[in-house]
Amino acid sequence: MEVITTHLNADFDSMASMIAAKKLYPEAILAFSGSQEKNLRKFFVQSLMIYDFQRLKNIDLKKITKLIVVDTRQASRIGSFAACLENPGIEIHLYDHHPDAPGDIQGHVEVVKPVGSTATVFIEIFQQRGVKITKEEATLLALAEYEDTGSFTFSTTTPADLHAMAWLLESGADLNTVSQYIIHEMTSYDISLLNELIKSATTYTIQSVPITVSRIACSEYIDDFSLIVRQFMSMENLDVLFALASMGERIYLIARSRIPEVNVGKVAMEFNGGGHASAAAATISDMTLVEAEEKLIRLLHKHVRPASKARELMSFPIISANPDLSTAEANDLLIRYGITVLPIMKNEKILGLFSRRDASKAIYHNLGHLPVTEFMTTEFATLPPSASLGDIQELIIEHRQRFIPIIEDVNLVGVITRTDLFNLLVNDPAYLPSLNTTQNQPSIERNRNLTNLLAQSLKRDMIILLQTIGEVARQNHFTAYAVGGFVRDLLLHIENYDLDIVIEGDGITFAKKLAEELRGTVRTHIKFNTAMVKLPNGFKIDIATARLEYYEYPAAMPVVELSSIKLDLFRRDFTINAMAIDLNPEKFGILVDFFNCQNDLKDRQIRIIHNLSFVEDPTRIFRAIRLEQRMGFTLGKLTEKQLKNAVKRNLFDRKLGRRFFHEIQLILSEPNPLPAIQRMAQFDLLKFLHHSLLLDAPLTQILEEAQRALSWHKLLYLADDCQPWIVYLQALMSRIQTRAMHAFCKKFEVSEKYTYTLIREKVEAKRVVRILERRAHLCPSEIYWLFKGLTHEGLLYVMALCRNKTGKQAVSFYVTQLRHTKTYLRGEDLKKIGYRPGPQFQTILNHLLEKKLDGVLQTREDEYHFLETEYPLSPQAQKDN
């Protein structure tokens with residue numbers, strides 16, 4: 001079987017090339033390796049041309065003996081057809097116009113030319129062989145030419161492409177049809193996406209080249225994304241543009257370049273994509289949008305090369321020495337001119353390099369009289385004047401060559417030293433290959449001024465506090481930021497006074513200064529460089545040093561290092577929590593949003609910042625579920641996928657303890673935790689609380705009854721403090737044994753206080769419910785003694801467990817009426833009457849209380865009379881009294 005195919009997400013050039021290849025291989029089957037671009041699908045629907053394309057699922061890959069691949073040579077880009085490359089005796093024919101790349105398929109026949117379109121490659125073959133084509137075929141090939149050369153405006157366009165187009169016009173190509181599919185009118189949705197791209201754009205200056213990077217998150221696949229990118233580039237007159245779009249579980253990269261310094265094809269190849277120096281694309285999986293952008297920036301530092309730097313950087317004239325000079329004399333020259341290396345020259349040719357270090361050692365060993373040729377270095381690399389800065393950096397930094405001779409036509413024309421390079425890097429940070437020193441120019445939208453929003457949303461004393469924090473930071477040469485949930489909720493217009501401050505500098509030192517300024521107290525945590533300042537009015541401010549956390553192994557406690565605010569935000573759990581507000585006076589109120597977090601707020605999406613987020617800290621899973629349900633957001637598709645992967649890896653049985661339990665407490669403390677519990681069950685997370693937990697109908701009913709009990713208790717407006725999470729946790733664990741509850745508390749490092757409460761309430765509630773279900777009627781005193789030892793949470797748990805109305809009414813009766821009942825007579829009264837203190841006192845008082853609860857005794861006189869009747873004093877006691 002012979003098969004003709006092309007790359008995934010086929011365009012006009014790949015389809016036209018397949019049709020062209022069919023004319024050379026008439027027995028071959030046409031089959032796409034994957035989907036097609038929207039415009040191509042539209043052409044299929046509207047065109048009257050009939051093409052016999054076979055479905056991939058109907059082809060037995062093992063039977064393919066000849067594979068003809070057009071418009072790509074990358075195995076990773078031909079989908080399932082890559083499997084047949086291993087077929088015994090298979091013959092591979094390749095037709096392509098892309099430059100050579102690592103991983104290219106090796107073919108038995110390869111026709112590869114550096115032209116603007118693969119269609120041009122086939123047209124030249126047709127011209128050479130005298131192959132005739134129809135008007136329809138000419139039109140299809142013309143569509144390929146116009147699309148892949150950008151209507152002959154891309155820098156990859158060659159004279160061959162123009163000659164090919166002329167031949168197509170002679171063959172009857174219809175330009176009206178070409179304009180119908182190549183020229184596009186933008187829809188209102190396209191315009192809105194274009195606006196998002198512009199807002200999210202950031203310009204990085206790398207190797208003196210301005211490069212624009214933009215990224216957006218979309219809920220669905222956008223067919224016309226490349227066209228929107230082209231429009232953006234045209235409108236803003238950009239030389240280089242990289243656009244990242246998150247669509248579903250994948251991220252799509254579209255890259256365009258008009259300058260030779262940036263080869264976007266090489267960058268796309270690093271993402272397993274492909275293309276030309278001026279236009280390229282890639283599909284990225286298993287990576288978040290933030291991670292994709294960070295990797296892109298690293299790759300730009302690697303691949304962007306300025307035209308020429310050696311000629312601009314080199315020093316001239318050159319101080320050199322002849323080979324007859326003695327070591328001591330050469331050392332004098334080095335000292336006199338303050339240099340560290342001398343080129344040793346003869347007949348204008350460089351023989352070697354002699355360094356001050358070598359001179360010092362030779363003189364120390366009394367060898368200063370010997371010629372420099374005895375100690376000079378003869379193994380060294382040279383560079384031409386056209387060498388790039390990257391070439392210079394590679395020799396000096398990676399190969400540790402401190403001195404580089406610049407050679408032109410075998411002559412030494414200049415030298416570059418390590419000092420020359422370092423001076424350039426220090427004076428122009430744009431050359432530094434580091435994310436921290438990239439000249440970052442975020443759009444206005446990503447650095448909004450929130451001063452008005454702060455004034456509208458916060459109380460005056462809070463604004464004064466924020467300004468004071470910024471002023472103290474400035475006075476001590478620090479930079480202060482409000483971060484996390486405070487910023488998120490401010491943008492969502494939600495009241496949140498949990499203030500987290502991050503300091504670029506020493507957070508603990510700042511905390512002490514702030515506490516001194518505000519007359520508060522400070523508590524520090526040296527290990528994590530954090531502190532908590534408590535103000536005289538009780539308000540608390542959490543302060544941290546800007547830090548980069550890394551984890552020694554999955555689910556470990558983080559190791560903390562000093563870092564910048566960008567890396568501090570990058571370590572955070574979700575994009576919506578990765579924003580900051582500058583508090584220093586000169587930039588007060590400026591929003592810092594490196595990762596386009598505002599878009600996720602607008603889209604109501606919970607997204608992790610990097611793929612290992614849940615692996616490093618599995619407790620973030622429960623935080624994600626809590627935020628999702630509380631805020632009415634949804635998990636991003638990639639975030640949900642990584643969450644499921646973390647659950648499969650069973651990371652929850654590692655050293656989580658108290659941190660895990662804290663997240664469970666927070667979930668169960670939500671006003672309505674039931675949706676979060678249901679979500680936990682959907683992700684099979686309940687098993688990490690206990691292996692037997694199953695959210696079936698009976699357990700769901702108990703949880704719902706617990707919710708009703710808590711709602712009822714809240715409506716009573718009682719002064720008693722109640723912790724809902726205890727009630728929900730008891731309800732959730734209601735069907736496990738007491739021993740298992742002990743194990744749960746030990747596993748998650750529950751405090752002794754709460755362990756005692758949970759175990760005791762579980763045992764007592766079970767006993768109480770058993771009695772309530774066994775006895776249809778209880779008098780008030782029996783109800784009182786039954787519930788007497790239970791806490792408020794225990795009472796509500798009993799209410800949740802009771803399946804009959806009588807039991808719930810008994811709890812209600814106790815809480816609202818019985819529990820505060822007291823007798824008129826107390827112990828002091830009994831003494832005055834003549835009763836001797838002792839165990840009998842409590843018996844008498846309890847008996848009095850029971851009778852009062854049951855309505856037998858109502859007044860003080862009734863109680864006196866009851867004592868005379870039931871507990872008469874002895875004659876002696878009466879006499880003594």
# chains A, B, ... in the order shown; residues from 1 in each chain; ligands from 1
>>> residues_around(residues="segment 764-771 of chain A", least_positions_apart="5", cutoff="12 Å", atoms="only C-alpha atoms", output="PyMOL selection string")
chain A and resi 727+730-731+734-738+756-759+776-778+782-804+806-808+810-811
>>> write_last_selection(atoms="N, CA and C atoms", output="compact mmCIF listing (two decimals), in the first residue's frame")
# COMPACT_ATOMS: atom_id res chain seq x y z
N VAL A 727 -18.70 19.53 63.34
CA VAL A 727 -19.96 18.85 63.04
C VAL A 727 -19.87 18.13 61.70
N GLN A 730 -17.44 15.14 61.88
CA GLN A 730 -18.08 14.00 62.56
C GLN A 730 -19.08 13.33 61.63
N ALA A 731 -19.86 14.15 60.91
CA ALA A 731 -20.85 13.59 59.99
C ALA A 731 -20.16 12.80 58.88
N SER A 734 -18.87 9.51 60.19
CA SER A 734 -19.85 8.89 61.09
C SER A 734 -19.88 7.37 60.99
N ARG A 735 -19.48 6.82 59.86
CA ARG A 735 -19.61 5.36 59.69
C ARG A 735 -18.30 4.61 59.89
N ILE A 736 -17.26 5.31 60.31
CA ILE A 736 -16.02 4.59 60.60
C ILE A 736 -15.93 4.32 62.10
N GLN A 737 -15.14 3.33 62.48
CA GLN A 737 -15.04 2.93 63.87
C GLN A 737 -14.22 3.93 64.68
N THR A 738 -14.38 3.89 65.99
CA THR A 738 -13.65 4.79 66.88
C THR A 738 -12.14 4.61 66.73
N TYR A 756 -9.31 14.66 71.53
CA TYR A 756 -10.17 14.28 72.65
C TYR A 756 -11.64 14.59 72.34
N THR A 757 -11.88 15.78 71.80
CA THR A 757 -13.26 16.19 71.48
C THR A 757 -13.88 15.27 70.44
N LEU A 758 -13.14 15.02 69.37
CA LEU A 758 -13.67 14.20 68.27
C LEU A 758 -13.99 12.78 68.72
N ILE A 759 -13.07 12.17 69.49
CA ILE A 759 -13.27 10.80 69.94
C ILE A 759 -14.42 10.73 70.95
N ALA A 776 -39.30 5.71 72.54
CA ALA A 776 -40.17 6.64 71.81
C ALA A 776 -40.43 7.91 72.60
N HIS A 777 -40.43 7.78 73.97
CA HIS A 777 -40.75 8.97 74.77
C HIS A 777 -39.77 9.07 75.93
N LEU A 778 -39.27 10.31 76.14
CA LEU A 778 -38.39 10.60 77.27
C LEU A 778 -38.93 11.82 77.99
N GLU A 782 -34.93 13.13 81.72
CA GLU A 782 -34.16 12.11 81.01
C GLU A 782 -33.43 12.72 79.82
N ILE A 783 -34.12 13.63 79.13
CA ILE A 783 -33.48 14.33 78.01
C ILE A 783 -32.29 15.13 78.52
N TYR A 784 -32.50 15.80 79.65
CA TYR A 784 -31.42 16.64 80.20
C TYR A 784 -30.17 15.81 80.49
N TRP A 785 -30.34 14.72 81.22
CA TRP A 785 -29.19 13.92 81.61
C TRP A 785 -28.57 13.21 80.40
N LEU A 786 -29.38 12.93 79.38
CA LEU A 786 -28.88 12.27 78.18
C LEU A 786 -27.91 13.18 77.41
N PHE A 787 -28.25 14.48 77.35
CA PHE A 787 -27.45 15.42 76.55
C PHE A 787 -26.45 16.24 77.38
N LYS A 788 -26.52 16.12 78.68
CA LYS A 788 -25.77 17.00 79.57
C LYS A 788 -24.28 17.11 79.23
N GLY A 789 -23.62 16.02 78.88
CA GLY A 789 -22.16 16.05 78.69
C GLY A 789 -21.71 16.45 77.31
N LEU A 790 -22.64 16.68 76.38
CA LEU A 790 -22.26 16.97 74.99
C LEU A 790 -22.00 18.45 74.75
N THR A 791 -21.02 18.73 73.88
CA THR A 791 -20.75 20.11 73.46
C THR A 791 -21.83 20.53 72.45
N HIS A 792 -21.80 21.80 72.07
CA HIS A 792 -22.76 22.28 71.06
C HIS A 792 -22.59 21.50 69.75
N GLU A 793 -21.32 21.25 69.37
CA GLU A 793 -21.07 20.50 68.13
C GLU A 793 -21.60 19.07 68.26
N GLY A 794 -21.41 18.47 69.44
CA GLY A 794 -21.90 17.12 69.66
C GLY A 794 -23.41 17.05 69.57
N LEU A 795 -24.10 18.05 70.10
CA LEU A 795 -25.57 18.08 70.03
C LEU A 795 -26.05 18.15 68.59
N LEU A 796 -25.38 19.00 67.79
CA LEU A 796 -25.78 19.15 66.38
C LEU A 796 -25.46 17.89 65.59
N TYR A 797 -24.37 17.20 65.97
CA TYR A 797 -24.04 15.93 65.32
C TYR A 797 -25.10 14.89 65.63
N VAL A 798 -25.56 14.86 66.89
CA VAL A 798 -26.66 13.95 67.26
C VAL A 798 -27.89 14.25 66.41
N MET A 799 -28.19 15.53 66.27
CA MET A 799 -29.33 15.95 65.47
C MET A 799 -29.22 15.43 64.03
N ALA A 800 -27.99 15.45 63.49
CA ALA A 800 -27.76 14.97 62.12
C ALA A 800 -27.94 13.46 62.02
N LEU A 801 -27.57 12.74 63.09
CA LEU A 801 -27.64 11.28 63.05
C LEU A 801 -29.05 10.74 63.28
N CYS A 802 -29.86 11.52 64.01
CA CYS A 802 -31.21 11.02 64.35
C CYS A 802 -32.06 10.86 63.09
N ARG A 803 -32.63 9.68 62.96
CA ARG A 803 -33.48 9.44 61.79
C ARG A 803 -34.95 9.68 62.07
N ASN A 804 -35.28 9.84 63.36
CA ASN A 804 -36.69 10.09 63.66
C ASN A 804 -36.87 11.52 64.16
N THR A 806 -38.66 12.60 66.60
CA THR A 806 -38.67 12.72 68.07
C THR A 806 -37.29 13.04 68.61
N GLY A 807 -36.27 12.40 68.07
CA GLY A 807 -34.90 12.63 68.52
C GLY A 807 -34.46 14.06 68.24
N LYS A 808 -34.76 14.57 67.05
CA LYS A 808 -34.39 15.94 66.70
C LYS A 808 -35.12 16.93 67.62
N ALA A 810 -36.05 16.37 70.61
CA ALA A 810 -35.44 16.27 71.95
C ALA A 810 -34.20 17.17 72.04
N VAL A 811 -33.39 17.16 70.99
CA VAL A 811 -32.21 18.03 70.96
C VAL A 811 -32.64 19.49 70.99
>>> residues_around(residues="segment 604-607 of chain A", least_positions_apart="4", cutoff="9 Å", atoms="only C-alpha atoms", output="NGL selection string")
:A and (288 or 573-576 or 599-600 or 624 or 627-628 or 631-640)
>>> residues_around(residues="Pro675 of chain A", least_positions_apart="3", cutoff="12 Å", atoms="only C-alpha atoms", output="list in words")
Ile625, Arg626, Leu627, Glu628, Gln629, Arg630, Met631, Gly632, Ile667, Leu668, Glu670, Pro671, Asn672, Gln678, Arg679, Met680, Ala681, Gln682, Leu695, Thr700, Leu703, Glu704 and Gln707 of chain A
>>> residues_around(residues="segment 473-484 of chain A", least_positions_apart="6", cutoff="8 Å", atoms="only C-alpha atoms", output="ChimeraX atom specification")
/A:499-506,510,576-585
>>> closest_residue(among="A:Leu718, A:Val750, A:Val111, A:Ala280", to="Gln665 of chain A", atoms="only C-alpha atoms")
A:Val750
>>> atom_distance(atom1="atom CA of Asn846 of chain A", atom2="atom CA of Glu870 of chain A")
12.9 Å
>>> closest_residue(among="A:Glu236, A:Glu91, A:Glu261, A:Asp593", to="His301 of chain A", atoms="only C-alpha atoms")
A:Glu261
>>> select_by_dssp(residues="segment 478-514 of chain A", states="helix (DSSP H, G or I)", output="list in words")
Gly485, Phe486, Val487, Arg488, Asp489, Leu490, Leu491, Gly507, Ile508, Thr509, Phe510, Ala511, Lys512, Lys513 and Leu514 of chain A
>>> write_last_selection(atoms="all heavy atoms", output="mmCIF file, in the first residue's frame")
data_model
loop_
_atom_site.group_PDB
_atom_site.id
_atom_site.type_symbol
_atom_site.label_atom_id
_atom_site.label_comp_id
_atom_site.auth_asym_id
_atom_site.auth_seq_id
_atom_site.Cartn_x
_atom_site.Cartn_y
_atom_site.Cartn_z
ATOM 1 N N GLY A 485 -4.709 36.606 48.286
ATOM 2 C CA GLY A 485 -6.162 36.712 48.333
ATOM 3 C C GLY A 485 -6.660 38.132 48.532
ATOM 4 O O GLY A 485 -7.739 38.491 48.048
ATOM 5 N N PHE A 486 -5.893 38.951 49.235
ATOM 6 C CA PHE A 486 -6.286 40.350 49.441
ATOM 7 C C PHE A 486 -6.430 41.060 48.098
ATOM 8 O O PHE A 486 -7.404 41.775 47.853
ATOM 9 C CB PHE A 486 -5.233 41.049 50.309
ATOM 10 C CG PHE A 486 -5.467 42.520 50.498
ATOM 11 C CD1 PHE A 486 -6.353 42.982 51.454
ATOM 12 C CD2 PHE A 486 -4.808 43.454 49.703
ATOM 13 C CE1 PHE A 486 -6.577 44.343 51.632
ATOM 14 C CE2 PHE A 486 -5.014 44.811 49.866
ATOM 15 C CZ PHE A 486 -5.904 45.262 50.832
ATOM 16 N N VAL A 487 -5.460 40.851 47.198
ATOM 17 C CA VAL A 487 -5.482 41.487 45.875
ATOM 18 C C VAL A 487 -6.586 40.879 45.016
ATOM 19 O O VAL A 487 -7.336 41.589 44.349
ATOM 20 C CB VAL A 487 -4.113 41.332 45.185
ATOM 21 C CG1 VAL A 487 -4.114 42.026 43.822
ATOM 22 C CG2 VAL A 487 -3.007 41.887 46.064
ATOM 23 N N ARG A 488 -6.676 39.558 45.051
ATOM 24 C CA ARG A 488 -7.721 38.867 44.270
ATOM 25 C C ARG A 488 -9.107 39.376 44.629
ATOM 26 O O ARG A 488 -9.903 39.743 43.751
ATOM 27 C CB ARG A 488 -7.616 37.366 44.554
ATOM 28 C CG ARG A 488 -8.680 36.506 43.886
ATOM 29 C CD ARG A 488 -8.759 35.156 44.584
ATOM 30 N NE ARG A 488 -9.307 35.263 45.929
ATOM 31 C CZ ARG A 488 -8.917 34.512 46.962
ATOM 32 N NH1 ARG A 488 -7.966 33.610 46.810
ATOM 33 N NH2 ARG A 488 -9.478 34.664 48.135
ATOM 34 N N ASP A 489 -9.410 39.412 45.925
ATOM 35 C CA ASP A 489 -10.750 39.817 46.347
ATOM 36 C C ASP A 489 -10.996 41.300 46.128
ATOM 37 O O ASP A 489 -12.136 41.719 45.906
ATOM 38 C CB ASP A 489 -10.953 39.442 47.820
ATOM 39 C CG ASP A 489 -11.062 37.936 48.018
ATOM 40 O OD1 ASP A 489 -11.213 37.226 47.007
ATOM 41 O OD2 ASP A 489 -10.978 37.462 49.164
ATOM 42 N N LEU A 490 -9.951 42.093 46.173
ATOM 43 C CA LEU A 490 -10.108 43.522 45.866
ATOM 44 C C LEU A 490 -10.592 43.688 44.429
ATOM 45 O O LEU A 490 -11.523 44.467 44.158
ATOM 46 C CB LEU A 490 -8.772 44.247 46.062
ATOM 47 C CG LEU A 490 -8.777 45.749 45.763
ATOM 48 C CD1 LEU A 490 -9.554 46.504 46.834
ATOM 49 C CD2 LEU A 490 -7.352 46.287 45.665
ATOM 50 N N LEU A 491 -9.999 42.942 43.503
ATOM 51 C CA LEU A 491 -10.400 43.028 42.092
ATOM 52 C C LEU A 491 -11.795 42.457 41.862
ATOM 53 O O LEU A 491 -12.479 42.838 40.915
ATOM 54 C CB LEU A 491 -9.378 42.296 41.219
ATOM 55 C CG LEU A 491 -7.991 42.958 41.134
ATOM 56 C CD1 LEU A 491 -6.995 42.037 40.464
ATOM 57 C CD2 LEU A 491 -8.073 44.282 40.383
ATOM 58 N N GLY A 507 12.391 40.343 55.266
ATOM 59 C CA GLY A 507 11.042 40.463 55.803
ATOM 60 C C GLY A 507 11.011 40.581 57.315
ATOM 61 O O GLY A 507 10.182 41.316 57.872
ATOM 62 N N ILE A 508 11.890 39.865 57.989
ATOM 63 C CA ILE A 508 11.890 39.890 59.459
ATOM 64 C C ILE A 508 12.353 41.257 59.974
ATOM 65 O O ILE A 508 11.755 41.827 60.897
ATOM 66 C CB ILE A 508 12.762 38.755 60.016
ATOM 67 C CG1 ILE A 508 12.081 37.401 59.731
ATOM 68 C CG2 ILE A 508 13.013 38.932 61.506
ATOM 69 C CD1 ILE A 508 12.844 36.192 60.204
ATOM 70 N N THR A 509 13.415 41.788 59.363
ATOM 71 C CA THR A 509 13.879 43.131 59.758
ATOM 72 C C THR A 509 12.781 44.161 59.524
ATOM 73 O O THR A 509 12.519 45.027 60.370
ATOM 74 C CB THR A 509 15.131 43.511 58.953
ATOM 75 O OG1 THR A 509 16.166 42.577 59.246
ATOM 76 C CG2 THR A 509 15.603 44.915 59.305
ATOM 77 N N PHE A 510 12.115 44.057 58.374
ATOM 78 C CA PHE A 510 11.022 44.988 58.073
ATOM 79 C C PHE A 510 9.911 44.868 59.114
ATOM 80 O O PHE A 510 9.360 45.871 59.571
ATOM 81 C CB PHE A 510 10.461 44.713 56.681
ATOM 82 C CG PHE A 510 9.180 45.464 56.404
ATOM 83 C CD1 PHE A 510 9.198 46.798 56.026
ATOM 84 C CD2 PHE A 510 7.952 44.829 56.558
ATOM 85 C CE1 PHE A 510 8.011 47.486 55.802
ATOM 86 C CE2 PHE A 510 6.769 45.507 56.334
ATOM 87 C CZ PHE A 510 6.800 46.852 55.956
ATOM 88 N N ALA A 511 9.553 43.638 59.476
ATOM 89 C CA ALA A 511 8.470 43.417 60.439
ATOM 90 C C ALA A 511 8.780 44.101 61.766
ATOM 91 O O ALA A 511 7.903 44.707 62.390
ATOM 92 C CB ALA A 511 8.253 41.921 60.645
ATOM 93 N N LYS A 512 10.028 44.021 62.204
ATOM 94 C CA LYS A 512 10.418 44.667 63.464
ATOM 95 C C LYS A 512 10.302 46.181 63.356
ATOM 96 O O LYS A 512 9.850 46.856 64.294
ATOM 97 C CB LYS A 512 11.830 44.243 63.839
ATOM 98 C CG LYS A 512 11.947 42.764 64.206
ATOM 99 C CD LYS A 512 13.392 42.365 64.466
ATOM 100 C CE LYS A 512 13.481 40.874 64.819
ATOM 101 N NZ LYS A 512 14.885 40.439 65.000
ATOM 102 N N LYS A 513 10.712 46.727 62.208
ATOM 103 C CA LYS A 513 10.608 48.172 61.990
ATOM 104 C C LYS A 513 9.143 48.611 61.961
ATOM 105 O O LYS A 513 8.782 49.657 62.520
ATOM 106 C CB LYS A 513 11.287 48.546 60.670
ATOM 107 C CG LYS A 513 12.789 48.281 60.630
ATOM 108 C CD LYS A 513 13.569 49.310 61.434
ATOM 109 C CE LYS A 513 15.063 49.118 61.250
ATOM 110 N NZ LYS A 513 15.844 50.088 62.064
ATOM 111 N N LEU A 514 8.298 47.807 61.299
ATOM 112 C CA LEU A 514 6.877 48.148 61.203
ATOM 113 C C LEU A 514 6.213 48.086 62.574
ATOM 114 O O LEU A 514 5.406 48.963 62.933
ATOM 115 C CB LEU A 514 6.176 47.203 60.229
ATOM 116 C CG LEU A 514 4.688 47.502 59.973
ATOM 117 C CD1 LEU A 514 4.525 48.847 59.270
ATOM 118 C CD2 LEU A 514 4.054 46.389 59.137
#
>>> select_by_dssp(residues="segment 508-698 of chain A", states="strand (DSSP E)", output="number ranges by chain")
A: 521-525, 530-534, 540-545, 547-550, 559-562, 580-582, 591-592, 605-606, 634-635
>>> write_last_selection(atoms="N, CA and C atoms", output="short mmCIF file (atom, residue, chain, number, x, y, z; two decimals), in the first residue's frame")
data_model
loop_
_atom_site.label_atom_id
_atom_site.label_comp_id
_atom_site.auth_asym_id
_atom_site.auth_seq_id
_atom_site.Cartn_x
_atom_site.Cartn_y
_atom_site.Cartn_z
N THR A 521 3.34 44.34 68.28
CA THR A 521 4.27 43.27 68.66
C THR A 521 4.58 42.43 67.42
N VAL A 522 5.68 41.72 67.46
CA VAL A 522 6.08 40.92 66.31
C VAL A 522 6.46 39.51 66.74
N ARG A 523 6.04 38.54 65.93
CA ARG A 523 6.43 37.14 66.16
C ARG A 523 7.09 36.65 64.87
N THR A 524 8.28 36.07 64.97
CA THR A 524 9.05 35.72 63.78
C THR A 524 9.16 34.21 63.60
N HIS A 525 9.39 33.81 62.35
CA HIS A 525 9.65 32.41 62.00
C HIS A 525 10.93 32.43 61.15
N THR A 530 9.66 34.62 57.76
CA THR A 530 8.34 35.22 57.86
C THR A 530 8.13 35.80 59.25
N ALA A 531 7.12 36.66 59.36
CA ALA A 531 6.81 37.27 60.66
C ALA A 531 5.34 37.64 60.68
N MET A 532 4.83 37.87 61.88
CA MET A 532 3.46 38.35 62.05
C MET A 532 3.48 39.54 62.99
N VAL A 533 2.96 40.67 62.51
CA VAL A 533 2.90 41.88 63.32
C VAL A 533 1.46 42.02 63.83
N LYS A 534 1.32 42.15 65.15
CA LYS A 534 0.02 42.33 65.77
C LYS A 534 -0.10 43.75 66.29
N LYS A 540 -3.91 41.75 62.61
CA LYS A 540 -2.68 41.02 62.34
C LYS A 540 -2.24 41.20 60.88
N ILE A 541 -0.94 41.35 60.69
CA ILE A 541 -0.36 41.49 59.35
C ILE A 541 0.68 40.40 59.17
N ASP A 542 0.49 39.53 58.18
CA ASP A 542 1.47 38.49 57.88
C ASP A 542 2.51 39.05 56.92
N ILE A 543 3.78 38.86 57.22
CA ILE A 543 4.87 39.41 56.43
C ILE A 543 5.82 38.30 56.03
N ALA A 544 6.18 38.27 54.75
CA ALA A 544 7.11 37.26 54.25
C ALA A 544 8.18 37.93 53.42
N THR A 545 9.35 37.30 53.37
CA THR A 545 10.41 37.74 52.47
C THR A 545 10.11 37.18 51.09
N ARG A 547 10.29 35.21 48.16
CA ARG A 547 11.04 33.96 48.19
C ARG A 547 10.68 33.05 47.02
N LEU A 548 11.64 32.22 46.70
CA LEU A 548 11.45 31.16 45.73
C LEU A 548 11.47 29.86 46.51
N GLU A 549 10.38 29.12 46.48
CA GLU A 549 10.33 27.85 47.20
C GLU A 549 10.68 26.72 46.25
N TYR A 550 11.46 25.78 46.70
CA TYR A 550 11.63 24.56 45.93
C TYR A 550 11.47 23.38 46.89
N VAL A 559 11.75 24.42 50.85
CA VAL A 559 12.99 25.09 51.23
C VAL A 559 12.93 26.48 50.63
N VAL A 560 13.29 27.49 51.39
CA VAL A 560 13.05 28.87 50.98
C VAL A 560 14.36 29.60 50.71
N GLU A 561 14.41 30.33 49.60
CA GLU A 561 15.56 31.16 49.27
C GLU A 561 15.08 32.56 48.94
N LEU A 562 15.94 33.55 49.18
CA LEU A 562 15.60 34.92 48.82
C LEU A 562 15.42 35.02 47.31
N ALA A 580 0.12 41.13 42.85
CA ALA A 580 0.61 41.94 43.96
C ALA A 580 0.28 43.41 43.70
N ILE A 581 0.24 44.19 44.78
CA ILE A 581 0.07 45.64 44.67
C ILE A 581 1.26 46.31 45.33
N ASP A 582 1.95 47.14 44.58
CA ASP A 582 3.12 47.86 45.10
C ASP A 582 2.64 48.88 46.13
N LEU A 591 -0.71 47.68 40.24
CA LEU A 591 -0.89 46.23 40.21
C LEU A 591 0.27 45.57 39.50
N VAL A 592 0.80 44.50 40.07
CA VAL A 592 1.85 43.70 39.45
C VAL A 592 1.24 42.37 39.02
N GLN A 605 -11.71 31.19 36.27
CA GLN A 605 -10.98 29.93 36.13
C GLN A 605 -9.95 29.79 37.26
N ILE A 606 -9.83 28.57 37.80
CA ILE A 606 -8.76 28.24 38.74
C ILE A 606 -7.69 27.50 37.94
N THR A 634 -14.43 27.60 37.96
CA THR A 634 -14.24 26.23 37.47
C THR A 634 -12.75 25.96 37.34
N LEU A 635 -12.36 24.71 37.46
CA LEU A 635 -10.97 24.33 37.28
C LEU A 635 -10.63 24.37 35.79
#
>>> residues_around(residues="Lys746 of chain A", least_positions_apart="5", cutoff="9 Å", atoms="only C-alpha atoms", output="PyMOL selection string")
chain A and resi 657+741+751+755
>>> write_last_selection(atoms="C-alpha atoms", output="short mmCIF file (atom, residue, chain, number, x, y, z; two decimals), in the first residue's frame")
data_model
loop_
_atom_site.label_atom_id
_atom_site.label_comp_id
_atom_site.auth_asym_id
_atom_site.auth_seq_id
_atom_site.Cartn_x
_atom_site.Cartn_y
_atom_site.Cartn_z
CA GLY A 657 -0.02 15.96 58.62
CA MET A 741 -10.93 7.93 64.16
CA SER A 751 -4.10 18.52 68.41
CA THR A 755 -8.56 14.61 69.23
#
>>> atom_distance(atom1="atom CA of Lys587 of chain A", atom2="atom CA of Asn195 of chain A")
26.4 Å
>>> residues_around(residues="Ser76 of chain A", least_positions_apart="3", cutoff="9 Å", atoms="only C-alpha atoms", output="ChimeraX atom specification")
/A:7,73,79,82,103,272-273
>>> residues_around(residues="Val264 of chain A", least_positions_apart="4", cutoff="10 Å", atoms="only C-alpha atoms", output="number ranges by chain")
A: 240-242, 254-260, 268-269, 274-281, 300, 303-304
>>> closest_residue(among="A:Glu828, A:Asn39, A:Pro343, A:Asn449", to="Glu586 of chain A", atoms="only C-alpha atoms")
A:Asn449
>>> closest_residue(among="A:Leu535, A:Met15, A:Met733, A:Val410", to="Ala515 of chain A", atoms="only C-alpha atoms")
A:Leu535
>>> atom_distance(atom1="atom CA of Ala330 of chain A", atom2="atom CA of Thr419 of chain A")
20.7 Å
